[in-house]
Structures are given as structure tokens and as C-alpha cells.
$ cat input.csv   # CSV, C-alpha atoms
chain,number,residue,atom,x,y,z
O,1,MET,CA,0.0,0.0,0.0
O,2,SER,CA,1.3,3.4,-0.8
O,3,GLU,CA,2.2,5.7,2.0
O,4,GLU,CA,1.2,8.8,0.1
O,5,PHE,CA,-1.5,11.3,0.9
O,6,LYS,CA,-2.7,14.6,-0.5
O,7,VAL,CA,-1.9,18.1,0.7
O,8,GLU,CA,-3.3,21.4,-0.3
O,9,ILE,CA,-2.2,24.8,0.8
O,10,VAL,CA,-4.6,27.6,0.2
O,11,ASN,CA,-4.2,31.3,0.9
O,12,PRO,CA,-7.0,33.8,0.5
O,13,GLU,CA,-6.0,34.7,-3.0
O,14,LYS,CA,-5.6,31.3,-4.5
O,15,SER,CA,-4.8,27.7,-4.0
O,16,PHE,CA,-1.1,28.0,-3.3
O,17,LEU,CA,0.0,24.4,-3.6
O,18,LYS,CA,-1.5,21.0,-4.4
O,19,LYS,CA,0.4,17.8,-4.1
O,20,GLU,CA,-0.8,14.2,-4.2
O,21,ASP,CA,2.3,12.2,-3.5
O,22,VAL,CA,3.3,13.4,-0.1
O,23,ILE,CA,4.8,11.1,2.4
O,24,GLU,CA,5.3,13.3,5.4
O,25,VAL,CA,4.4,16.9,6.3
O,26,VAL,CA,5.9,18.6,9.3
O,27,VAL,CA,4.0,21.6,10.5
O,28,PRO,CA,4.8,24.1,13.2
O,29,ALA,CA,1.7,23.5,15.2
O,30,PHE,CA,0.8,25.7,18.1
O,31,GLU,CA,1.9,23.3,20.8
O,32,GLY,CA,5.0,22.1,19.0
O,33,GLU,CA,6.1,20.7,15.7
O,34,MET,CA,3.9,18.0,14.4
O,35,GLY,CA,4.7,15.4,11.8
O,36,ILE,CA,1.8,14.0,9.9
O,37,LEU,CA,1.9,10.7,8.1
O,38,LYS,CA,-0.7,8.8,6.2
O,39,ASP,CA,-3.8,7.7,8.2
O,40,HIS,CA,-3.2,10.2,10.9
O,41,ILE,CA,-6.2,10.8,13.1
O,42,SER,CA,-8.5,13.7,12.0
O,43,ILE,CA,-7.1,16.8,13.6
O,44,ILE,CA,-7.5,20.5,13.6
O,45,SER,CA,-4.7,22.7,14.8
O,46,PHE,CA,-3.2,26.1,14.6
O,47,LEU,CA,0.1,27.1,13.2
O,48,LYS,CA,2.6,29.4,14.8
O,49,PRO,CA,5.4,31.0,12.8
O,50,GLY,CA,7.7,28.4,11.5
O,51,ILE,CA,8.7,26.2,8.6
O,52,ILE,CA,6.4,23.7,6.9
O,53,LYS,CA,8.3,20.7,5.5
O,54,ILE,CA,6.7,18.7,2.8
O,55,LEU,CA,8.4,15.4,2.0
O,56,SER,CA,7.6,13.4,-1.1
O,57,LYS,CA,9.5,10.5,-2.6
O,58,ILE,CA,11.5,12.7,-4.9
O,59,ASP,CA,12.0,15.9,-3.1
O,60,GLU,CA,11.6,18.0,0.0
O,61,GLU,CA,10.0,21.4,0.0
O,62,LYS,CA,10.1,24.0,2.7
O,63,TYR,CA,7.8,26.9,3.3
O,64,TYR,CA,7.8,29.7,5.8
O,65,VAL,CA,4.4,30.5,7.4
O,66,GLU,CA,3.3,33.0,10.0
O,67,ASP,CA,-0.1,31.7,10.9
O,68,GLY,CA,-2.7,29.4,9.7
O,69,ILE,CA,-4.9,26.4,10.4
O,70,VAL,CA,-4.2,22.8,9.5
O,71,GLU,CA,-7.0,20.3,9.0
O,72,PHE,CA,-6.3,16.6,8.4
O,73,LYS,CA,-9.1,14.4,7.4
O,74,ASN,CA,-9.4,11.2,5.3
O,75,ASN,CA,-5.8,11.5,4.2
O,76,ASN,CA,-6.4,15.1,3.0
O,77,LEU,CA,-4.3,17.7,4.6
O,78,SER,CA,-5.5,21.3,4.2
O,79,ILE,CA,-3.5,24.2,5.3
O,80,LEU,CA,-5.2,27.5,5.4
O,81,THR,CA,-2.8,30.4,5.8
O,82,SER,CA,-2.8,34.1,4.9
O,83,SER,CA,1.0,34.3,4.9
O,84,ILE,CA,3.1,31.8,3.2
O,85,LEU,CA,6.4,32.0,1.3
O,86,LYS,CA,8.5,29.4,-0.3
O,87,LEU,CA,11.7,29.2,1.6
O,88,SER,CA,13.9,29.3,-1.5
O,89,ASP,CA,12.1,32.5,-2.5
O,90,ILE,CA,13.3,34.3,0.6
O,91,ASP,CA,16.6,36.0,0.0
O,92,LYS,CA,18.6,38.1,2.3
O,93,SER,CA,16.8,41.4,1.7
O,94,LYS,CA,13.4,39.8,2.1
O,95,GLN,CA,14.5,38.1,5.3
O,96,GLN,CA,15.7,41.5,6.6
O,97,ASP,CA,12.4,43.1,5.7
O,98,LEU,CA,10.4,40.5,7.5
O,99,ILE,CA,12.7,40.8,10.6
O,100,SER,CA,12.5,44.5,10.8
O,101,SER,CA,8.7,44.6,10.4
O,102,ALA,CA,8.5,42.0,13.1
O,103,GLU,CA,10.8,44.0,15.4
O,104,GLU,CA,8.6,47.0,14.8
O,105,GLN,CA,5.6,45.1,15.9
O,106,SER,CA,7.2,43.9,19.0
O,107,LYS,CA,8.1,47.4,20.0
O,108,SER,CA,4.5,48.7,19.8
O,109,ALA,CA,3.0,48.6,23.3
O,110,GLU,CA,-0.5,47.5,22.5
O,111,ILE,CA,0.1,43.8,22.2
O,112,ASN,CA,-0.8,41.1,24.6
O,113,ASP,CA,1.4,38.4,25.8
O,114,GLN,CA,0.2,35.9,23.3
O,115,ALA,CA,0.9,38.2,20.4
O,116,ARG,CA,4.3,39.0,21.8
O,117,TYR,CA,5.1,35.3,22.1
O,118,LEU,CA,4.1,34.8,18.4
O,119,ILE,CA,6.3,37.7,17.3
O,120,ASP,CA,9.2,36.4,19.3
O,121,GLN,CA,8.7,33.1,17.6
O,122,LYS,CA,8.6,34.7,14.3
O,123,LEU,CA,11.8,36.5,14.9
O,124,GLU,CA,13.5,33.4,16.1
O,125,VAL,CA,12.5,31.5,13.0
O,126,LEU,CA,13.4,34.3,10.7
O,127,LYS,CA,16.8,34.8,12.2
O,128,SER,CA,17.6,31.1,11.9
O,129,LEU,CA,16.9,31.0,8.2
O,130,ASN,CA,19.9,30.8,6.1
Z,1,MET,CA,-36.3,69.6,-38.6
Z,2,ALA,CA,-32.8,70.0,-37.6
Z,3,SER,CA,-30.4,71.5,-40.1
Z,4,LEU,CA,-27.7,69.5,-41.8
Z,5,ASP,CA,-25.0,71.0,-39.7
Z,6,ASP,CA,-26.8,70.1,-36.5
Z,7,LEU,CA,-27.3,66.6,-37.6
Z,8,LYS,CA,-23.6,66.3,-38.5
Z,9,LYS,CA,-22.6,67.5,-35.1
Z,10,ARG,CA,-24.9,65.1,-33.3
Z,11,ILE,CA,-23.6,62.2,-35.3
Z,12,ALA,CA,-20.1,63.1,-34.4
Z,13,SER,CA,-20.9,63.5,-30.7
Z,14,VAL,CA,-22.7,60.1,-30.6
Z,15,LYS,CA,-19.8,58.5,-32.3
Z,16,SER,CA,-17.3,59.8,-29.8
Z,17,THR,CA,-19.6,58.6,-27.0
Z,18,GLN,CA,-19.6,55.2,-28.6
Z,19,LYS,CA,-15.9,55.2,-28.7
Z,20,ILE,CA,-15.7,55.8,-25.0
Z,21,THR,CA,-18.3,53.2,-24.1
Z,22,LYS,CA,-16.5,50.7,-26.4
Z,23,ALA,CA,-13.2,51.4,-24.7
Z,24,MET,CA,-14.8,51.1,-21.3
Z,25,LYS,CA,-16.2,47.8,-22.3
Z,26,MET,CA,-12.8,46.5,-23.4
Z,27,VAL,CA,-11.2,47.6,-20.2
Z,28,ALA,CA,-14.0,46.0,-18.2
Z,29,ALA,CA,-13.6,42.8,-20.1
Z,30,ALA,CA,-9.9,42.7,-19.4
Z,31,LYS,CA,-10.4,43.4,-15.8
Z,32,LEU,CA,-13.3,41.0,-15.5
Z,33,ARG,CA,-11.1,38.1,-16.6
Z,34,ARG,CA,-8.7,38.9,-13.8
Z,35,ALA,CA,-11.4,39.5,-11.2
Z,36,GLN,CA,-13.2,36.4,-12.1
Z,37,GLU,CA,-10.1,34.4,-11.9
Z,38,SER,CA,-9.3,35.7,-8.4
Z,39,ALA,CA,-12.9,35.2,-7.3
Z,40,GLU,CA,-12.7,31.6,-8.4
Z,41,LYS,CA,-9.3,31.1,-6.9
Z,42,GLY,CA,-10.5,32.6,-3.6
Z,43,ARG,CA,-13.4,30.3,-3.2
Z,44,PRO,CA,-11.5,27.2,-1.9
Z,45,TYR,CA,-10.1,29.2,1.0
Z,46,SER,CA,-13.5,30.5,2.2
Z,47,GLN,CA,-15.1,27.1,1.6
Z,48,LYS,CA,-12.4,25.2,3.5
Z,49,MET,CA,-12.6,27.8,6.3
Z,50,ASN,CA,-16.4,27.3,6.5
Z,51,ASN,CA,-16.0,23.5,6.6
Z,52,VAL,CA,-13.5,23.7,9.4
Z,53,ILE,CA,-15.8,25.9,11.4
Z,54,LEU,CA,-18.8,23.7,10.7
Z,55,ASN,CA,-16.8,20.6,11.9
Z,56,LEU,CA,-15.7,22.5,14.9
Z,57,SER,CA,-19.1,23.9,15.9
Z,58,SER,CA,-20.7,20.5,15.5
Z,59,GLY,CA,-18.1,19.0,17.7
Z,60,ILE,CA,-18.4,21.6,20.4
Z,61,SER,CA,-19.8,20.1,23.5
Z,62,ASP,CA,-20.7,23.1,25.6
Z,63,LYS,CA,-23.1,25.2,23.5
Z,64,GLU,CA,-23.8,27.6,26.3
Z,65,ASN,CA,-20.3,28.8,26.6
Z,66,ALA,CA,-19.6,28.9,22.9
Z,67,PRO,CA,-17.9,32.1,21.7
Z,68,LYS,CA,-20.3,34.9,21.1
Z,69,LEU,CA,-19.3,35.3,17.5
Z,70,LEU,CA,-20.7,31.8,16.9
Z,71,SER,CA,-23.8,31.8,19.0
Z,72,GLY,CA,-24.6,35.5,19.1
Z,73,THR,CA,-25.3,37.7,22.0
Z,74,GLY,CA,-28.7,36.1,22.6
Z,75,ASN,CA,-30.3,39.3,21.6
Z,76,ASP,CA,-31.7,40.4,18.3
Z,77,LYS,CA,-32.1,44.1,18.9
Z,78,VAL,CA,-29.4,45.9,17.0
Z,79,HIS,CA,-28.6,44.9,13.4
Z,80,LEU,CA,-25.4,46.0,11.7
Z,81,CYS,CA,-25.5,45.9,7.9
Z,82,VAL,CA,-22.3,46.0,5.9
Z,83,VAL,CA,-23.3,47.2,2.4
Z,84,MET,CA,-20.6,46.5,-0.1
Z,85,THR,CA,-20.7,48.5,-3.4
Z,86,SER,CA,-18.3,49.8,-5.9
Z,87,ASP,CA,-16.4,53.1,-5.9
Z,88,ARG,CA,-17.1,53.9,-9.5
Z,89,GLY,CA,-20.3,54.3,-11.4
Z,90,LEU,CA,-21.4,53.4,-14.9
Z,91,CYS,CA,-21.8,49.8,-14.2
Z,92,GLY,CA,-25.4,49.2,-14.9
Z,93,GLY,CA,-27.6,47.9,-12.2
Z,94,PHE,CA,-24.8,46.7,-10.1
Z,95,ASN,CA,-25.0,49.2,-7.2
Z,96,SER,CA,-28.7,49.7,-7.4
Z,97,ASN,CA,-29.4,46.0,-7.1
Z,98,ILE,CA,-27.4,45.8,-3.9
Z,99,ILE,CA,-29.0,48.9,-2.5
Z,100,LYS,CA,-32.5,47.6,-3.4
Z,101,LYS,CA,-31.8,44.4,-1.6
Z,102,ALA,CA,-30.4,46.2,1.4
Z,103,LYS,CA,-33.2,48.8,1.5
Z,104,SER,CA,-35.9,46.1,1.7
Z,105,TYR,CA,-34.0,44.4,4.5
Z,106,PHE,CA,-33.6,47.8,6.3
Z,107,SER,CA,-37.3,48.5,6.1
Z,108,LYS,CA,-38.1,45.1,7.4
Z,109,ILE,CA,-35.8,45.6,10.4
Z,110,LEU,CA,-37.1,49.0,11.2
Z,111,GLU,CA,-40.7,47.8,11.0
Z,112,GLU,CA,-39.9,45.2,13.6
Z,113,GLY,CA,-38.8,48.0,15.8
Z,114,LYS,CA,-35.2,47.0,15.8
Z,115,ASP,CA,-32.2,49.2,15.7
Z,116,LEU,CA,-30.2,49.6,12.5
Z,117,LYS,CA,-26.6,50.5,11.9
Z,118,ILE,CA,-25.0,50.7,8.6
Z,119,ILE,CA,-21.4,50.4,7.4
Z,120,THR,CA,-21.0,51.2,3.8
Z,121,VAL,CA,-18.0,49.9,1.9
Z,122,GLY,CA,-17.5,51.7,-1.4
Z,123,SER,CA,-18.5,55.3,-2.1
Z,124,LYS,CA,-21.4,54.6,-4.4
Z,125,GLY,CA,-23.4,52.8,-1.7
Z,126,ASN,CA,-22.8,55.6,0.6
Z,127,ASP,CA,-24.0,58.2,-1.9
Z,128,GLN,CA,-27.3,56.3,-2.5
Z,129,LEU,CA,-28.0,55.5,1.1
Z,130,LYS,CA,-27.1,58.7,2.9
Z,131,ARG,CA,-30.2,60.5,1.7
Z,132,VAL,CA,-32.7,58.1,3.4
Z,133,TYR,CA,-30.6,56.4,6.0
Z,134,GLY,CA,-28.0,59.1,6.6
Z,135,ASP,CA,-28.4,59.0,10.4
Z,136,LYS,CA,-27.9,55.3,10.5
Z,137,ILE,CA,-24.6,55.1,8.7
Z,138,ILE,CA,-21.9,54.8,11.3
Z,139,GLU,CA,-19.0,54.4,9.0
Z,140,ASN,CA,-18.0,54.6,5.4
Z,141,ILE,CA,-15.0,52.7,4.2
Z,142,SER,CA,-13.6,53.2,0.7
Z,143,PHE,CA,-10.8,51.4,-1.0
Z,144,LYS,CA,-10.3,53.8,-3.9
Z,145,ASP,CA,-6.6,53.5,-3.7
Z,146,SER,CA,-6.2,49.8,-3.9
Z,147,LYS,CA,-6.5,48.4,-7.4
Z,148,ASN,CA,-7.6,44.9,-6.7
Z,149,ALA,CA,-9.6,43.5,-3.9
Z,150,ASN,CA,-7.0,42.3,-1.4
Z,151,TYR,CA,-7.1,40.4,1.9
Z,152,PHE,CA,-5.5,43.3,3.8
Z,153,ASP,CA,-8.5,45.5,3.1
Z,154,ALA,CA,-10.9,42.9,3.9
Z,155,ASP,CA,-9.1,42.3,7.2
Z,156,LYS,CA,-9.5,46.0,8.0
Z,157,VAL,CA,-13.2,45.8,7.6
Z,158,GLY,CA,-13.4,42.6,9.5
Z,159,LYS,CA,-11.5,44.1,12.4
Z,160,ILE,CA,-13.8,47.1,12.5
Z,161,VAL,CA,-16.8,44.7,12.6
Z,162,ILE,CA,-15.3,42.6,15.4
Z,163,GLU,CA,-14.3,45.6,17.4
Z,164,LYS,CA,-17.8,46.9,17.3
Z,165,PHE,CA,-19.2,43.5,18.2
Z,166,GLN,CA,-17.0,43.2,21.2
Z,167,ALA,CA,-17.9,46.7,22.3
Z,168,GLY,CA,-21.5,45.4,22.2
Z,169,GLU,CA,-22.7,47.8,19.6
Z,170,PHE,CA,-24.8,45.3,17.7
Z,171,ASP,CA,-26.2,41.8,17.9
Z,172,VAL,CA,-26.5,40.6,14.3
Z,173,CYS,CA,-24.3,41.4,11.4
Z,174,THR,CA,-25.3,40.9,7.7
Z,175,ILE,CA,-23.2,41.7,4.7
Z,176,PHE,CA,-24.7,42.7,1.3
Z,177,TYR,CA,-22.8,42.0,-1.9
Z,178,ASN,CA,-23.4,40.8,-5.4
Z,179,GLN,CA,-22.5,37.2,-6.1
Z,180,PHE,CA,-21.0,36.7,-9.5
Z,181,LYS,CA,-22.8,34.1,-11.6
Z,182,ASN,CA,-21.9,35.1,-15.1
Z,183,VAL,CA,-21.4,38.3,-17.1
Z,184,ILE,CA,-25.1,39.0,-17.4
Z,185,THR,CA,-26.3,37.7,-14.0
Z,186,GLN,CA,-25.2,38.9,-10.7
Z,187,ILE,CA,-27.2,37.9,-7.7
Z,188,PRO,CA,-27.5,40.3,-4.8
Z,189,GLN,CA,-26.8,38.5,-1.6
Z,190,ALA,CA,-27.5,39.1,2.1
Z,191,GLN,CA,-25.3,36.9,4.2
Z,192,GLN,CA,-25.4,36.8,8.0
Z,193,ILE,CA,-22.0,36.5,9.4
Z,194,ILE,CA,-22.6,37.2,13.1
Z,195,PRO,CA,-23.9,35.0,14.7
Z,196,LEU,CA,-22.8,32.3,12.3
Z,197,ASN,CA,-25.7,31.0,10.4
Z,198,ASN,CA,-25.2,27.3,9.6
Z,199,GLU,CA,-28.7,25.9,9.8
Z,200,ASP,CA,-28.8,25.1,6.1
Z,201,ASP,CA,-25.5,23.2,6.1
Z,202,GLU,CA,-26.1,19.8,7.5
Z,203,ASN,CA,-23.2,18.2,5.8
Z,204,GLY,CA,-20.9,18.8,8.7
Z,205,SER,CA,-19.4,15.4,9.3
Z,206,ASP,CA,-20.0,13.5,12.5
Z,207,GLU,CA,-16.5,12.3,12.5
Z,208,SER,CA,-14.7,13.4,15.6
Z,209,TYR,CA,-11.6,15.4,15.5
Z,210,GLU,CA,-8.6,15.8,17.6
Z,211,PHE,CA,-8.1,19.4,18.6
Z,212,GLU,CA,-4.9,21.0,19.6
Z,213,PRO,CA,-5.2,23.3,21.5
Z,214,ASP,CA,-8.8,22.7,22.7
Z,215,GLU,CA,-12.0,23.6,20.8
Z,216,ASP,CA,-12.7,26.8,22.5
Z,217,GLU,CA,-9.3,28.3,21.8
Z,218,ILE,CA,-9.4,27.2,18.2
Z,219,LEU,CA,-12.9,28.7,17.7
Z,220,SER,CA,-12.1,32.0,19.3
Z,221,ASN,CA,-9.1,32.3,17.1
Z,222,LEU,CA,-10.8,31.1,14.0
Z,223,LEU,CA,-14.0,33.0,14.1
Z,224,PRO,CA,-12.5,36.5,13.7
Z,225,LYS,CA,-10.5,35.1,10.8
Z,226,ASN,CA,-13.6,33.7,9.3
Z,227,ILE,CA,-15.3,37.0,9.3
Z,228,SER,CA,-12.4,38.6,7.4
Z,229,THR,CA,-12.5,35.7,5.0
Z,230,GLN,CA,-16.2,36.0,4.4
Z,231,ILE,CA,-15.8,39.7,3.8
Z,232,PHE,CA,-12.9,39.1,1.5
Z,233,LYS,CA,-15.0,36.6,-0.4
Z,234,ALA,CA,-17.7,39.2,-0.8
Z,235,MET,CA,-15.2,41.7,-2.0
Z,236,LEU,CA,-13.9,39.3,-4.6
Z,237,GLU,CA,-17.3,38.4,-5.8
Z,238,ASN,CA,-18.2,42.0,-5.8
Z,239,SER,CA,-15.3,43.1,-8.0
Z,240,ALA,CA,-16.0,40.4,-10.5
Z,241,SER,CA,-19.6,41.3,-10.5
Z,242,GLU,CA,-18.8,45.0,-10.9
Z,243,GLN,CA,-16.7,44.4,-14.0
Z,244,GLY,CA,-19.2,42.0,-15.5
Z,245,SER,CA,-22.0,44.4,-14.9
Z,246,ARG,CA,-20.0,47.2,-16.4
Z,247,MET,CA,-19.1,45.2,-19.3
Z,248,SER,CA,-22.6,44.3,-20.3
Z,249,ALA,CA,-23.8,47.8,-19.5
Z,250,MET,CA,-21.2,49.3,-21.8
Z,251,ASP,CA,-21.9,46.7,-24.4
Z,252,ASN,CA,-25.5,47.8,-24.4
Z,253,ALA,CA,-24.5,51.4,-24.5
Z,254,THR,CA,-22.2,50.8,-27.5
Z,255,ARG,CA,-24.9,49.0,-29.3
Z,256,ASN,CA,-27.5,51.8,-28.6
Z,257,ALA,CA,-25.0,54.4,-29.8
Z,258,GLY,CA,-24.6,52.4,-33.0
Z,259,GLU,CA,-28.3,52.3,-33.5
Z,260,MET,CA,-28.6,56.0,-32.9
Z,261,VAL,CA,-25.8,56.8,-35.4
Z,262,ASP,CA,-27.5,54.7,-38.0
Z,263,LYS,CA,-30.8,56.5,-37.4
Z,264,LEU,CA,-29.2,59.9,-37.5
Z,265,THR,CA,-27.2,59.1,-40.6
Z,266,ILE,CA,-30.4,58.1,-42.4
Z,267,GLU,CA,-32.0,61.3,-41.3
Z,268,TYR,CA,-29.0,63.2,-42.4
Z,269,ILE,CA,-28.9,61.6,-45.9
Z,270,ARG,CA,-32.7,62.2,-46.3
Z,271,SER,CA,-32.6,65.8,-45.5
Z,272,ARG,CA,-29.5,66.3,-47.7
Z,273,GLN,CA,-31.4,64.6,-50.5
Z,274,ALA,CA,-34.4,66.7,-49.8
Z,275,ALA,CA,-32.4,69.9,-50.1
Z,276,ILE,CA,-30.9,68.7,-53.4
Z,277,THR,CA,-34.3,67.8,-54.8
Z,278,LYS,CA,-35.7,71.1,-53.7
Z,279,GLU,CA,-32.9,73.0,-55.5
Z,280,LEU,CA,-33.3,70.9,-58.6
Z,281,ILE,CA,-37.0,71.6,-58.7
Z,282,GLU,CA,-36.3,75.3,-58.3
Z,283,ILE,CA,-33.8,75.3,-61.2
Z,284,ILE,CA,-36.1,73.2,-63.5
Z,285,SER,CA,-39.2,75.2,-62.8
Z,286,GLY,CA,-37.1,78.4,-63.4
Z,287,ALA,CA,-35.9,77.1,-66.7
Z,288,GLU,CA,-39.4,76.1,-67.7
Z,289,SER,CA,-40.8,79.5,-67.1
Z,290,LEU,CA,-38.4,81.1,-69.5

$ encode --input "input.csv" --output "C-alpha cells"
Amino acid sequence: MSEEFKVEIVNPEKSFLKKEDVIEVVVPAFEGEMGILKDHISIISFLKPGIIKILSKIDEEKYYVEDGIVEFKNNNLSILTSSILKLSDIDKSKQQDLISSAEEQSKSAEINDQARYLIDQKLEVLKSLN
Amino acid sequence: MASLDDLKKRIASVKSTQKITKAMKMVAAAKLRRAQESAEKGRPYSQKMNNVILNLSSGISDKENAPKLLSGTGNDKVHLCVVMTSDRGLCGGFNSNIIKKAKSYFSKILEEGKDLKIITVGSKGNDQLKRVYGDKIIENISFKDSKNANYFDADKVGKIVIEKFQAGEFDVCTIFYNQFKNVITQIPQAQQIIPLNNEDDENGSDESYEFEPDEDEILSNLLPKNISTQIFKAMLENSASEQGSRMSAMDNATRNAGEMVDKLTIEYIRSRQAAITKELIEIISGAESL
């Protein structure tokens, strides 16, 4: 039996990515990284800023996300996110842009602890990209 | 009867109008293709979002303590209506259809003795509503500067709505927009977004999900997002409808102008011929009398 399942990433503008031969997806879920294999139990969870890894037989793709929802059901994984970038598309200047905008956000006083935690996460992830 | 010169001028002016409407039609057609594409591409997101929420809300055990965005405030007194229209005119019945739908809803609400608050998105709706419901409009948002409907704008509207909801300013929120069916047909829609109306969707699966973190937290995070998403969907549908409506309106205008030019041209030729005939008769009868 094949060990493959389907994954679809959608953002508000369009269907960002569709793959049917995925073996494992690692998502930065809210309570820690989560690897999803075929026949995983149905699950709904949140994403925090981090890297999505999509492994298929032939290659491995990495995406950077800031937020989103994952839903896994009947071997269909849907990831809804409003901010997603392919890791290979982020160059130094883009990375710098993202970092500085995140730093700006963290400076503004009107954010609660949860938002601050998310921004710190974001910064950490962004700085570790290379 | 108009003189030859007048007719000539009129023909020229109708022709130049026709040129303008034709150009507008072309532009609308080009924009329509893009808008339609993004409307269609945007549908999966809002649908998926809706599905997730349906699954979540059917799985929620404690209905009493469900987030207010889902279950409502328990009251039905103050209605907020978000009327989404375009910023530009000359698009046929596009704006008036939405306004008509909204107005009939407004009068129903007011008849029932409930309070009404209006947010208009797009300046055309504001123009048409402020005469009758001017005192009810609490906010007017316009995105004249942004070329295409984008999620960022929708999020702004969504945040305003949620802010007002959390401040207890209204109980029920409905958005009005045109759903794009095809170029000729756009259906004005009234969609209730707060509280979430999911009576007609019974296809939420009974399969149980694992939640991480728990349901309540997911729901309270997801619902505000859903509102922005629904508004974004409405904006996408609206922009496709606007272009479609403009395209068919301008197509009609071009055709009408063509008809008018034909009619005027015939009239012009006839009166020119009449003048020539008259002159000939004068010459001939002059020659005969000699």
C-alpha cells in the first residue's frame, strides 16, 4: 500500500500548492512541531510562525508561514494560511524586511502576551533562516 | 427639422460617446477576466474555512459557553449591515441591485422595531443610502486607492466589525454584496456573518476530530478570521460582478449608440437629398418658365 497522501495549501487569494504524492508533512503547530503521516487521526490545529516541511519521494520542499490552520481528514491535509512563502524565494533582503517589520511590531506597546510570544517566535524563526 | 449642420454635429458626438463606451467595455472585459479568476481562486479558502468551522461547531460540547461570535449575544435588537458597493459608477444595475436588496432588508428591520446601523464599503453605496438612512450610517469605508480586492483591506473591515461587536454595539451582522454568476447575471446576496448561520448546512461530518489546543481556543481564534475571510470573499465576488456588470452595460451602450448613429445618418442623408431635390425643382421650374 502506498504511503502517500494529499496536501493542499490555500491562501485567501488562491490555491497555493497542491500535491498528491506526499509522504510526510511537518507543520509548526501551536503546541510544538507535528509530523503528519498517512492515516493520521483527524485533527484541527493552529500554526505558529515556522517552517512547513513537505516530503515526497522525490524531493523535499520548505515553506515559511506566519499563521494558519491545519486540518487533516481522510488523508487530505488542508493548510489555510494568509501568509506563506517558499523558503527558496526568501533572499537576504526579504528576510531582513520580515525581521524589521516583526521587530517594529514587537516594539508597539499595545500587544498582549500571546501576540508577543508569536512575534518572538517569528523573529527566532526568521533569524535562523539561512 | 434639424439643419444639416446640427445633424452632423450630433452624429459626431454620438460617435465619440460610442468610442468611449467601447473602450470602457474593453477595459472592463480585461479586468473581468482577472477579477473572475481571483474570485474563483479565492473560493477554496473560504469554503475550507467554512468547513473547518462547521466541523468545529458540530463538535463543540458546551453550547452555552460557545464564543459569542458563533452563538450570538442572545439578543436580536441591533442589526449591523455592511453594504458593499463599488467606488465607480457606470456599471449598470450593479449598485442599485445591492441597494435595493439592502433597503428592503432595512425597512423590514425598522418595521420590527429594531435598531439599525450601517457600514458602507465603497462610495457609491454611501451616496445612495445617505439620503434616506444618513443618520444610520456609522462608518463609510472606501478602498479607492487599492487596485484589486486584497485580503488586507478585507481584514481591516473585519477588524472594525469585530471591534464593534466586542464593544456590544450590535447583535446581528449581515453583509450585502453581489454574487458573480456570469457576465449577465449577478445575484445580490444578504449573508449573515454574526452569529454564524449554519442551519442550512447539515453536511458537517459527525467524525470526531482531535483538537490541539482545545476547541474553544481554536474557535475563538478562527471566528474572527472567518469574518475577514467572508468579507474578502464578498469583495472578490463584488469586484468580479462590478466588472461583469459594467461590461454588459457598456456593451449595451455601445450598441445603442450604434443604432442611434444609423438612425441619425439616415435622417442626415434624407434631409440632404431633400435639399438637393428642392434645389433641382427650383432650377427646373425656373428654366421652364423662360

$ closest_residue --input "input.csv" --among "Z:Ser57, Z:Ala30, Z:Lys22, Z:Leu4" --to "Ile218 in chain Z" --atoms "all atoms listed in the file"
Z:Ser57

$ interface_residues --input "input.csv" --of "chain O" --to "chain Z" --cutoff "10 Å" --atoms "all atoms listed in the file" --output "list of chain:residue names"
O:Ile9, O:Val10, O:Asn11, O:Pro12, O:Glu13, O:Lys14, O:Ser15, O:Phe16, O:Ala29, O:Phe30, O:Glu31, O:Gly32, O:Ile41, O:Ser42, O:Ile43, O:Ile44, O:Ser45, O:Phe46, O:Gly68, O:Ile69, O:Val70, O:Glu71, O:Phe72, O:Lys73, O:Ser78, O:Ile79, O:Leu80, O:Thr81, O:Ser82

$ residues_near_point --input "input.csv" --point "(10.3, 25.2, 1.9)" --cutoff "7 Å" --atoms "only C-alpha atoms" --output "list in words"
Ile51, Ile52, Lys53, Glu61, Lys62, Tyr63, Tyr64, Lys86, Leu87 and Ser88 of chain O

$ residues_around --input "input.csv" --residues "Leu55 in chain O" --least-positions-apart "5" --cutoff "6 Å" --atoms "all atoms listed in the file" --output "ChimeraX atom specification"
/O:22-24,60

$ write_last_selection --input "input.csv" --atoms "C-alpha atoms" --output "compact mmCIF listing (two decimals), in the frame of the given file"
# COMPACT_ATOMS: atom_id res chain seq x y z
CA VAL O 22 3.30 13.40 -0.10
CA ILE O 23 4.80 11.10 2.40
CA GLU O 24 5.30 13.30 5.40
CA GLU O 60 11.60 18.00 0.00

$ atom_distance --input "input.csv" --atom1 "CA of Phe94 in chain Z" --atom2 "CA of Lys19 in chain Z"
22.3 Å
